[in-house]
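To start, the structure itself, in structure tokens.
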Amino acid sequence: MLIKQKSNRSYDDTIAILSETLKKKQDWRVLTINDYQKSTAPFGAMERVGSMNVCNPRSAAKILADDANRGVTAFMPMAIGVFEDKKGQVYVSQLNVGLLGMMFGGTIADVMGAAGKDLNEVVASAIAK
């Protein structure tokens with residue numbers, strides 16, 4: 001359900017390439033970039049850890065048009081995680097949204113399958129060097 005892949009780039013470069021590549025995909029938006037290293041600093045030091053909240057409003061509208069599908073707002077917007085381990089290796093993580101969509105079927109499966117394909121392409125381009 002969770003996909004984790006090594007990045008061949010630095011943390012900052014991985015975030016930047018993910019953002020740039022996602023913005024080139026039709027209708028995709030980066031909503032926020034969360035810095036968990038910064039927000040958790042008062043409670044302890046850690047390596048760089050963050051996530052990007054991402055959304056395709058056109059796809060979201062297709063799902064949310066049906067009242068019966070609105071429960072999926074519990075995991076909207078989608079997110080891509082980026083983090084360093086203690087050795088400095090950068091990773092990118094994401095939900096397998098295509099697989100998750102299949103659990104619901106119908107419109108949700110169709111839309112999340114396409115979204116998963118888009119996100120997989122974005123991540124693949126960002127982690128390669």
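Residue numbering restarts at 1 for every chain of the structure tokens, chains are lettered A, B, ... in their displayed order, and ligands are numbered from 1 as they appear.
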At a cut-off of 10 Å, using only C-alpha atoms, what residues contact A:Ile127? Leave out same-chain residues fewer than 5 positions from it and give the result as a PyMOL selection string.
chain A and resi 5-10+13-15+17-18+90-92+122
Take the selection from the previous step and output its residues with all heavy atoms, as a tab-separated table (two decimals), in the first residue's frame.
chain	number	residue	atom	x	y	z
A	5	GLN	N	10.89	4.64	-2.39
A	5	GLN	CA	11.98	4.49	-3.35
A	5	GLN	C	13.13	5.42	-2.99
A	5	GLN	O	12.90	6.54	-2.54
A	5	GLN	CB	11.48	4.84	-4.75
A	5	GLN	CG	10.34	3.96	-5.21
A	5	GLN	CD	9.80	4.41	-6.54
A	5	GLN	OE1	10.43	4.19	-7.57
A	5	GLN	NE2	8.66	5.08	-6.53
A	6	LYS	N	14.35	4.96	-3.24
A	6	LYS	CA	15.53	5.80	-3.04
A	6	LYS	C	15.59	6.88	-4.10
A	6	LYS	O	15.29	6.63	-5.26
A	6	LYS	CB	16.82	4.98	-3.14
A	6	LYS	CG	17.12	4.13	-1.96
A	6	LYS	CD	18.47	3.45	-2.14
A	6	LYS	CE	18.76	2.53	-0.99
A	6	LYS	NZ	20.08	1.90	-1.12
A	7	SER	N	16.00	8.06	-3.68
A	7	SER	CA	16.25	9.15	-4.63
A	7	SER	C	17.76	9.27	-4.84
A	7	SER	O	18.53	9.11	-3.89
A	7	SER	CB	15.70	10.47	-4.09
A	7	SER	OG	16.04	11.53	-4.97
A	8	ASN	N	18.16	9.55	-6.04
A	8	ASN	CA	19.58	9.77	-6.34
A	8	ASN	C	19.94	11.25	-6.25
A	8	ASN	O	21.00	11.66	-6.69
A	8	ASN	CB	19.91	9.24	-7.74
A	8	ASN	CG	19.82	7.74	-7.80
A	8	ASN	OD1	20.30	7.04	-6.91
A	8	ASN	ND2	19.19	7.22	-8.83
A	9	ARG	N	19.05	12.03	-5.67
A	9	ARG	CA	19.25	13.47	-5.54
A	9	ARG	C	19.25	13.86	-4.07
A	9	ARG	O	18.86	13.08	-3.21
A	9	ARG	CB	18.12	14.23	-6.25
A	9	ARG	CG	18.00	13.91	-7.73
A	9	ARG	CD	16.82	14.64	-8.34
A	9	ARG	NE	16.55	14.20	-9.69
A	9	ARG	CZ	17.15	14.65	-10.78
A	9	ARG	NH1	18.09	15.56	-10.68
A	9	ARG	NH2	16.81	14.20	-11.97
A	10	SER	N	19.64	15.09	-3.80
A	10	SER	CA	19.59	15.61	-2.44
A	10	SER	C	18.12	15.83	-2.04
A	10	SER	O	17.22	15.83	-2.89
A	10	SER	CB	20.34	16.94	-2.35
A	10	SER	OG	19.62	17.96	-3.05
A	13	ASP	N	16.87	19.03	-3.82
A	13	ASP	CA	16.69	18.78	-5.26
A	13	ASP	C	15.50	17.88	-5.54
A	13	ASP	O	14.77	18.07	-6.50
A	13	ASP	CB	17.96	18.19	-5.88
A	13	ASP	CG	19.09	19.20	-6.01
A	13	ASP	OD1	18.84	20.41	-5.84
A	13	ASP	OD2	20.22	18.77	-6.30
A	14	THR	N	15.30	16.87	-4.69
A	14	THR	CA	14.17	15.96	-4.87
A	14	THR	C	12.85	16.72	-4.74
A	14	THR	O	11.96	16.59	-5.59
A	14	THR	CB	14.23	14.80	-3.85
A	14	THR	OG1	15.46	14.08	-4.04
A	14	THR	CG2	13.06	13.85	-4.02
A	15	ILE	N	12.73	17.55	-3.72
A	15	ILE	CA	11.51	18.36	-3.55
A	15	ILE	C	11.31	19.28	-4.76
A	15	ILE	O	10.21	19.39	-5.29
A	15	ILE	CB	11.60	19.22	-2.26
A	15	ILE	CG1	11.57	18.34	-1.01
A	15	ILE	CG2	10.52	20.29	-2.23
A	15	ILE	CD1	10.21	17.94	-0.52
A	17	ILE	N	12.47	19.04	-7.90
A	17	ILE	CA	12.15	18.32	-9.14
A	17	ILE	C	10.72	17.77	-9.07
A	17	ILE	O	9.99	17.82	-10.06
A	17	ILE	CB	13.15	17.18	-9.40
A	17	ILE	CG1	14.56	17.72	-9.55
A	17	ILE	CG2	12.75	16.36	-10.62
A	17	ILE	CD1	14.92	18.30	-10.87
A	18	LEU	N	10.33	17.25	-7.92
A	18	LEU	CA	8.95	16.77	-7.78
A	18	LEU	C	7.97	17.91	-8.05
A	18	LEU	O	7.00	17.73	-8.78
A	18	LEU	CB	8.71	16.22	-6.37
A	18	LEU	CG	9.27	14.83	-6.07
A	18	LEU	CD1	9.22	14.55	-4.57
A	18	LEU	CD2	8.51	13.76	-6.83
A	90	VAL	N	18.24	9.87	0.73
A	90	VAL	CA	16.92	10.47	0.53
A	90	VAL	C	15.98	9.44	-0.08
A	90	VAL	O	16.35	8.68	-0.97
A	90	VAL	CB	17.02	11.72	-0.37
A	90	VAL	CG1	15.65	12.31	-0.67
A	90	VAL	CG2	17.93	12.77	0.27
A	91	TYR	N	14.74	9.43	0.41
A	91	TYR	CA	13.70	8.54	-0.08
A	91	TYR	C	12.46	9.35	-0.42
A	91	TYR	O	12.22	10.41	0.15
A	91	TYR	CB	13.31	7.51	0.99
A	91	TYR	CG	14.40	6.52	1.31
A	91	TYR	CD1	15.35	6.80	2.28
A	91	TYR	CD2	14.48	5.31	0.63
A	91	TYR	CE1	16.36	5.90	2.58
A	91	TYR	CE2	15.49	4.40	0.92
A	91	TYR	CZ	16.42	4.71	1.89
A	91	TYR	OH	17.41	3.81	2.18
A	92	VAL	N	11.67	8.79	-1.33
A	92	VAL	CA	10.36	9.34	-1.67
A	92	VAL	C	9.34	8.25	-1.38
A	92	VAL	O	9.54	7.09	-1.75
A	92	VAL	CB	10.30	9.75	-3.16
A	92	VAL	CG1	8.91	10.24	-3.53
A	92	VAL	CG2	11.34	10.81	-3.47
A	122	VAL	N	5.81	11.06	-12.11
A	122	VAL	CA	6.45	12.21	-11.48
A	122	VAL	C	7.57	11.76	-10.55
A	122	VAL	O	8.70	12.29	-10.60
A	122	VAL	CB	5.41	13.07	-10.72
A	122	VAL	CG1	6.07	14.08	-9.81
A	122	VAL	CG2	4.47	13.76	-11.71
Might you pull out every residue within 12 Å of A:Ile108, with only C-alpha atoms counted and same-chain residues fewer than 2 positions away left off, and present them as a ChimeraX atom specification?
/A:59-66,68-73,97-106,110-116
Have a look at A:Gln89, A:Ala45, A:Asn56, A:Ala126 and name the one nearest to A:Lys25; count only C-alpha atoms.
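Under the stated criterion, the closest residue is A:Asn56.
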Write down as an MDAnalysis selection string the residues of chain A whose backbone DSSP state falls under strand (DSSP E).
chainID A and resid 2:6 29:35 49:55 78:84 90:95
According to DSSP computed on the backbone, where in chain A is there helix (DSSP H, G or I)? Give the residues as an mmCIF file with N, CA and C atoms, in the first residue's frame.
data_model
loop_
_atom_site.group_PDB
_atom_site.id
_atom_site.type_symbol
_atom_site.label_atom_id
_atom_site.label_comp_id
_atom_site.auth_asym_id
_atom_site.auth_seq_id
_atom_site.Cartn_x
_atom_site.Cartn_y
_atom_site.Cartn_z
ATOM 1 N N TYR A 11 17.901 16.062 -0.779
ATOM 2 C CA TYR A 11 16.553 16.331 -0.284
ATOM 3 C C TYR A 11 15.950 17.537 -1.011
ATOM 4 N N ASP A 12 16.684 18.658 -1.018
ATOM 5 C CA ASP A 12 16.177 19.881 -1.658
ATOM 6 C C ASP A 12 15.935 19.693 -3.150
ATOM 7 N N ASP A 13 16.867 19.027 -3.823
ATOM 8 C CA ASP A 13 16.694 18.785 -5.261
ATOM 9 C C ASP A 13 15.504 17.875 -5.536
ATOM 10 N N THR A 14 15.300 16.872 -4.685
ATOM 11 C CA THR A 14 14.169 15.962 -4.865
ATOM 12 C C THR A 14 12.853 16.719 -4.745
ATOM 13 N N ILE A 15 12.726 17.548 -3.721
ATOM 14 C CA ILE A 15 11.512 18.364 -3.545
ATOM 15 C C ILE A 15 11.314 19.285 -4.757
ATOM 16 N N ALA A 16 12.385 19.940 -5.194
ATOM 17 C CA ALA A 16 12.286 20.884 -6.315
ATOM 18 C C ALA A 16 11.860 20.186 -7.605
ATOM 19 N N ILE A 17 12.474 19.043 -7.903
ATOM 20 C CA ILE A 17 12.146 18.320 -9.143
ATOM 21 C C ILE A 17 10.724 17.773 -9.074
ATOM 22 N N LEU A 18 10.332 17.247 -7.919
ATOM 23 C CA LEU A 18 8.955 16.774 -7.776
ATOM 24 C C LEU A 18 7.969 17.906 -8.051
ATOM 25 N N SER A 19 8.218 19.065 -7.470
ATOM 26 C CA SER A 19 7.331 20.224 -7.658
ATOM 27 C C SER A 19 7.264 20.647 -9.118
ATOM 28 N N GLU A 20 8.429 20.783 -9.742
ATOM 29 C CA GLU A 20 8.487 21.220 -11.139
ATOM 30 C C GLU A 20 7.802 20.213 -12.070
ATOM 31 N N THR A 21 8.082 18.935 -11.863
ATOM 32 C CA THR A 21 7.526 17.897 -12.730
ATOM 33 C C THR A 21 6.014 17.790 -12.553
ATOM 34 N N LEU A 22 5.547 17.875 -11.321
ATOM 35 C CA LEU A 22 4.115 17.772 -11.072
ATOM 36 C C LEU A 22 3.355 18.935 -11.709
ATOM 37 N N LYS A 23 3.913 20.122 -11.634
ATOM 38 C CA LYS A 23 3.253 21.296 -12.207
ATOM 39 C C LYS A 23 3.126 21.206 -13.725
ATOM 40 N N LYS A 24 3.965 20.389 -14.359
ATOM 41 C CA LYS A 24 3.898 20.214 -15.812
ATOM 42 C C LYS A 24 2.798 19.233 -16.218
ATOM 43 N N TYR A 36 8.494 18.726 8.411
ATOM 44 C CA TYR A 36 8.313 18.111 9.718
ATOM 45 C C TYR A 36 9.545 18.246 10.599
ATOM 46 N N GLN A 37 10.724 18.378 10.000
ATOM 47 C CA GLN A 37 11.938 18.606 10.781
ATOM 48 C C GLN A 37 11.780 19.917 11.558
ATOM 49 N N LYS A 38 11.284 20.920 10.878
ATOM 50 C CA LYS A 38 11.100 22.237 11.507
ATOM 51 C C LYS A 38 9.966 22.220 12.534
ATOM 52 N N SER A 39 8.827 21.642 12.153
ATOM 53 C CA SER A 39 7.667 21.691 13.051
ATOM 54 C C SER A 39 7.830 20.817 14.291
ATOM 55 N N ALA A 41 10.899 20.308 15.722
ATOM 56 C CA ALA A 41 12.166 20.687 16.357
ATOM 57 C C ALA A 41 12.059 20.911 17.870
ATOM 58 N N PRO A 42 10.983 21.523 18.377
ATOM 59 C CA PRO A 42 10.906 21.702 19.834
ATOM 60 C C PRO A 42 10.859 20.390 20.624
ATOM 61 N N PHE A 43 10.596 19.291 19.935
ATOM 62 C CA PHE A 43 10.438 18.005 20.608
ATOM 63 C C PHE A 43 11.592 17.047 20.356
ATOM 64 N N PRO A 57 -7.525 19.021 -9.169
ATOM 65 C CA PRO A 57 -8.906 19.421 -8.916
ATOM 66 C C PRO A 57 -9.915 18.840 -9.909
ATOM 67 N N ARG A 58 -9.525 18.669 -11.162
ATOM 68 C CA ARG A 58 -10.440 18.088 -12.148
ATOM 69 C C ARG A 58 -10.790 16.648 -11.751
ATOM 70 N N SER A 59 -9.775 15.888 -11.359
ATOM 71 C CA SER A 59 -10.009 14.507 -10.934
ATOM 72 C C SER A 59 -10.804 14.462 -9.637
ATOM 73 N N ALA A 60 -10.466 15.334 -8.701
ATOM 74 C CA ALA A 60 -11.198 15.380 -7.438
ATOM 75 C C ALA A 60 -12.679 15.662 -7.682
ATOM 76 N N ALA A 61 -12.971 16.563 -8.602
ATOM 77 C CA ALA A 61 -14.364 16.908 -8.900
ATOM 78 C C ALA A 61 -15.137 15.705 -9.428
ATOM 79 N N LYS A 62 -14.485 14.863 -10.222
ATOM 80 C CA LYS A 62 -15.153 13.664 -10.748
ATOM 81 C C LYS A 62 -15.562 12.726 -9.612
ATOM 82 N N ILE A 63 -14.677 12.570 -8.640
ATOM 83 C CA ILE A 63 -14.978 11.696 -7.511
ATOM 84 C C ILE A 63 -16.050 12.316 -6.618
ATOM 85 N N LEU A 64 -15.883 13.585 -6.299
ATOM 86 C CA LEU A 64 -16.747 14.233 -5.306
ATOM 87 C C LEU A 64 -18.122 14.628 -5.832
ATOM 88 N N ASP A 67 -22.361 11.977 -4.031
ATOM 89 C CA ASP A 67 -22.397 11.989 -2.558
ATOM 90 C C ASP A 67 -21.799 10.726 -1.951
ATOM 91 N N ALA A 68 -22.042 9.587 -2.573
ATOM 92 C CA ALA A 68 -21.579 8.307 -2.029
ATOM 93 C C ALA A 68 -20.055 8.197 -1.998
ATOM 94 N N ASN A 69 -19.370 9.001 -2.801
ATOM 95 C CA ASN A 69 -17.907 8.935 -2.874
ATOM 96 C C ASN A 69 -17.204 9.907 -1.930
ATOM 97 N N ARG A 70 -17.926 10.755 -1.278
ATOM 98 C CA ARG A 70 -17.297 11.848 -0.522
ATOM 99 C C ARG A 70 -16.550 11.405 0.728
ATOM 100 N N GLY A 71 -16.710 10.187 1.139
ATOM 101 C CA GLY A 71 -15.949 9.683 2.281
ATOM 102 C C GLY A 71 -14.453 9.642 2.020
ATOM 103 N N VAL A 72 -14.069 9.587 0.752
ATOM 104 C CA VAL A 72 -12.637 9.540 0.433
ATOM 105 C C VAL A 72 -11.924 10.859 0.740
ATOM 106 N N THR A 73 -12.684 11.875 1.140
ATOM 107 C CA THR A 73 -12.034 13.126 1.546
ATOM 108 C C THR A 73 -11.120 12.907 2.744
ATOM 109 N N ALA A 74 -11.260 11.774 3.421
ATOM 110 C CA ALA A 74 -10.386 11.454 4.553
ATOM 111 C C ALA A 74 -8.932 11.328 4.123
ATOM 112 N N PHE A 75 -8.681 10.992 2.862
ATOM 113 C CA PHE A 75 -7.292 10.936 2.389
ATOM 114 C C PHE A 75 -7.070 11.861 1.185
ATOM 115 N N VAL A 97 -1.991 4.702 -4.780
ATOM 116 C CA VAL A 97 -3.362 5.185 -4.926
ATOM 117 C C VAL A 97 -4.155 4.369 -5.942
ATOM 118 N N GLY A 98 -3.494 3.791 -6.927
ATOM 119 C CA GLY A 98 -4.194 2.926 -7.869
ATOM 120 C C GLY A 98 -4.765 1.710 -7.168
ATOM 121 N N LEU A 99 -3.966 1.076 -6.313
ATOM 122 C CA LEU A 99 -4.416 -0.085 -5.547
ATOM 123 C C LEU A 99 -5.522 0.316 -4.569
ATOM 124 N N LEU A 100 -5.339 1.432 -3.907
ATOM 125 C CA LEU A 100 -6.348 1.917 -2.971
ATOM 126 C C LEU A 100 -7.670 2.176 -3.693
ATOM 127 N N GLY A 101 -7.604 2.782 -4.864
ATOM 128 C CA GLY A 101 -8.812 3.054 -5.635
ATOM 129 C C GLY A 101 -9.565 1.794 -6.011
ATOM 130 N N MET A 102 -8.823 0.729 -6.315
ATOM 131 C CA MET A 102 -9.466 -0.544 -6.687
ATOM 132 C C MET A 102 -10.314 -1.101 -5.546
ATOM 133 N N MET A 103 -9.967 -0.763 -4.334
ATOM 134 C CA MET A 103 -10.742 -1.236 -3.188
ATOM 135 C C MET A 103 -12.147 -0.621 -3.174
ATOM 136 N N PHE A 104 -12.297 0.535 -3.806
ATOM 137 C CA PHE A 104 -13.590 1.222 -3.843
ATOM 138 C C PHE A 104 -14.380 0.900 -5.105
ATOM 139 N N GLY A 106 -15.590 1.491 -9.256
ATOM 140 C CA GLY A 106 -16.312 2.561 -9.941
ATOM 141 C C GLY A 106 -15.451 3.767 -10.299
ATOM 142 N N THR A 107 -16.043 4.932 -10.149
ATOM 143 C CA THR A 107 -15.375 6.190 -10.491
ATOM 144 C C THR A 107 -14.096 6.374 -9.690
ATOM 145 N N ILE A 108 -14.140 6.023 -8.410
ATOM 146 C CA ILE A 108 -12.952 6.188 -7.559
ATOM 147 C C ILE A 108 -11.801 5.358 -8.117
ATOM 148 N N ALA A 109 -12.055 4.125 -8.507
ATOM 149 C CA ALA A 109 -11.007 3.267 -9.066
ATOM 150 C C ALA A 109 -10.450 3.862 -10.357
ATOM 151 N N ASP A 110 -11.333 4.343 -11.217
ATOM 152 C CA ASP A 110 -10.889 4.919 -12.492
ATOM 153 C C ASP A 110 -10.016 6.150 -12.274
ATOM 154 N N VAL A 111 -10.494 7.061 -11.454
ATOM 155 C CA VAL A 111 -9.779 8.325 -11.227
ATOM 156 C C VAL A 111 -8.477 8.091 -10.471
ATOM 157 N N MET A 112 -8.521 7.279 -9.438
ATOM 158 C CA MET A 112 -7.310 7.039 -8.651
ATOM 159 C C MET A 112 -6.298 6.207 -9.430
ATOM 160 N N GLY A 113 -6.757 5.353 -10.318
ATOM 161 C CA GLY A 113 -5.832 4.621 -11.183
ATOM 162 C C GLY A 113 -5.045 5.568 -12.066
ATOM 163 N N ALA A 114 -5.733 6.536 -12.667
ATOM 164 C CA ALA A 114 -5.058 7.529 -13.511
ATOM 165 C C ALA A 114 -4.148 8.422 -12.678
ATOM 166 N N ALA A 115 -4.609 8.806 -11.491
ATOM 167 C CA ALA A 115 -3.786 9.641 -10.609
ATOM 168 C C ALA A 115 -2.530 8.898 -10.182
ATOM 169 N N GLY A 116 -2.666 7.622 -9.872
ATOM 170 C CA GLY A 116 -1.510 6.819 -9.489
ATOM 171 C C GLY A 116 -0.479 6.748 -10.597
ATOM 172 N N LYS A 117 -0.947 6.597 -11.826
ATOM 173 C CA LYS A 117 -0.032 6.565 -12.972
ATOM 174 C C LYS A 117 0.723 7.885 -13.084
ATOM 175 N N ASP A 118 0.003 9.002 -12.954
ATOM 176 C CA ASP A 118 0.649 10.322 -13.017
ATOM 177 C C ASP A 118 1.693 10.471 -11.919
ATOM 178 N N LEU A 119 1.329 10.127 -10.687
ATOM 179 C CA LEU A 119 2.265 10.281 -9.570
ATOM 180 C C LEU A 119 3.472 9.368 -9.714
ATOM 181 N N ASN A 120 3.264 8.156 -10.197
ATOM 182 C CA ASN A 120 4.396 7.247 -10.426
ATOM 183 C C ASN A 120 5.373 7.830 -11.445
ATOM 184 N N GLU A 121 4.868 8.455 -12.490
ATOM 185 C CA GLU A 121 5.728 9.082 -13.505
ATOM 186 C C GLU A 121 6.490 10.257 -12.911
ATOM 187 N N VAL A 122 5.811 11.059 -12.108
ATOM 188 C CA VAL A 122 6.455 12.213 -11.480
ATOM 189 C C VAL A 122 7.573 11.758 -10.553
ATOM 190 N N VAL A 123 7.289 10.779 -9.719
ATOM 191 C CA VAL A 123 8.301 10.281 -8.768
ATOM 192 C C VAL A 123 9.471 9.655 -9.509
ATOM 193 N N ALA A 124 9.197 8.861 -10.540
ATOM 194 C CA ALA A 124 10.277 8.215 -11.300
ATOM 195 C C ALA A 124 11.221 9.252 -11.907
ATOM 196 N N SER A 125 10.683 10.350 -12.407
ATOM 197 C CA SER A 125 11.552 11.364 -13.003
ATOM 198 C C SER A 125 12.336 12.126 -11.948
ATOM 199 N N ALA A 126 11.784 12.231 -10.758
ATOM 200 C CA ALA A 126 12.457 12.996 -9.708
ATOM 201 C C ALA A 126 13.582 12.222 -9.031
ATOM 202 N N ILE A 127 13.454 10.909 -8.927
ATOM 203 C CA ILE A 127 14.470 10.133 -8.209
ATOM 204 C C ILE A 127 15.631 9.716 -9.108
#
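Counting only C-alpha atoms, the residue from A:Ala128, A:Asn53, A:Gly88, A:Asn96 that sits nearest to A:Met76 is A:Asn53.
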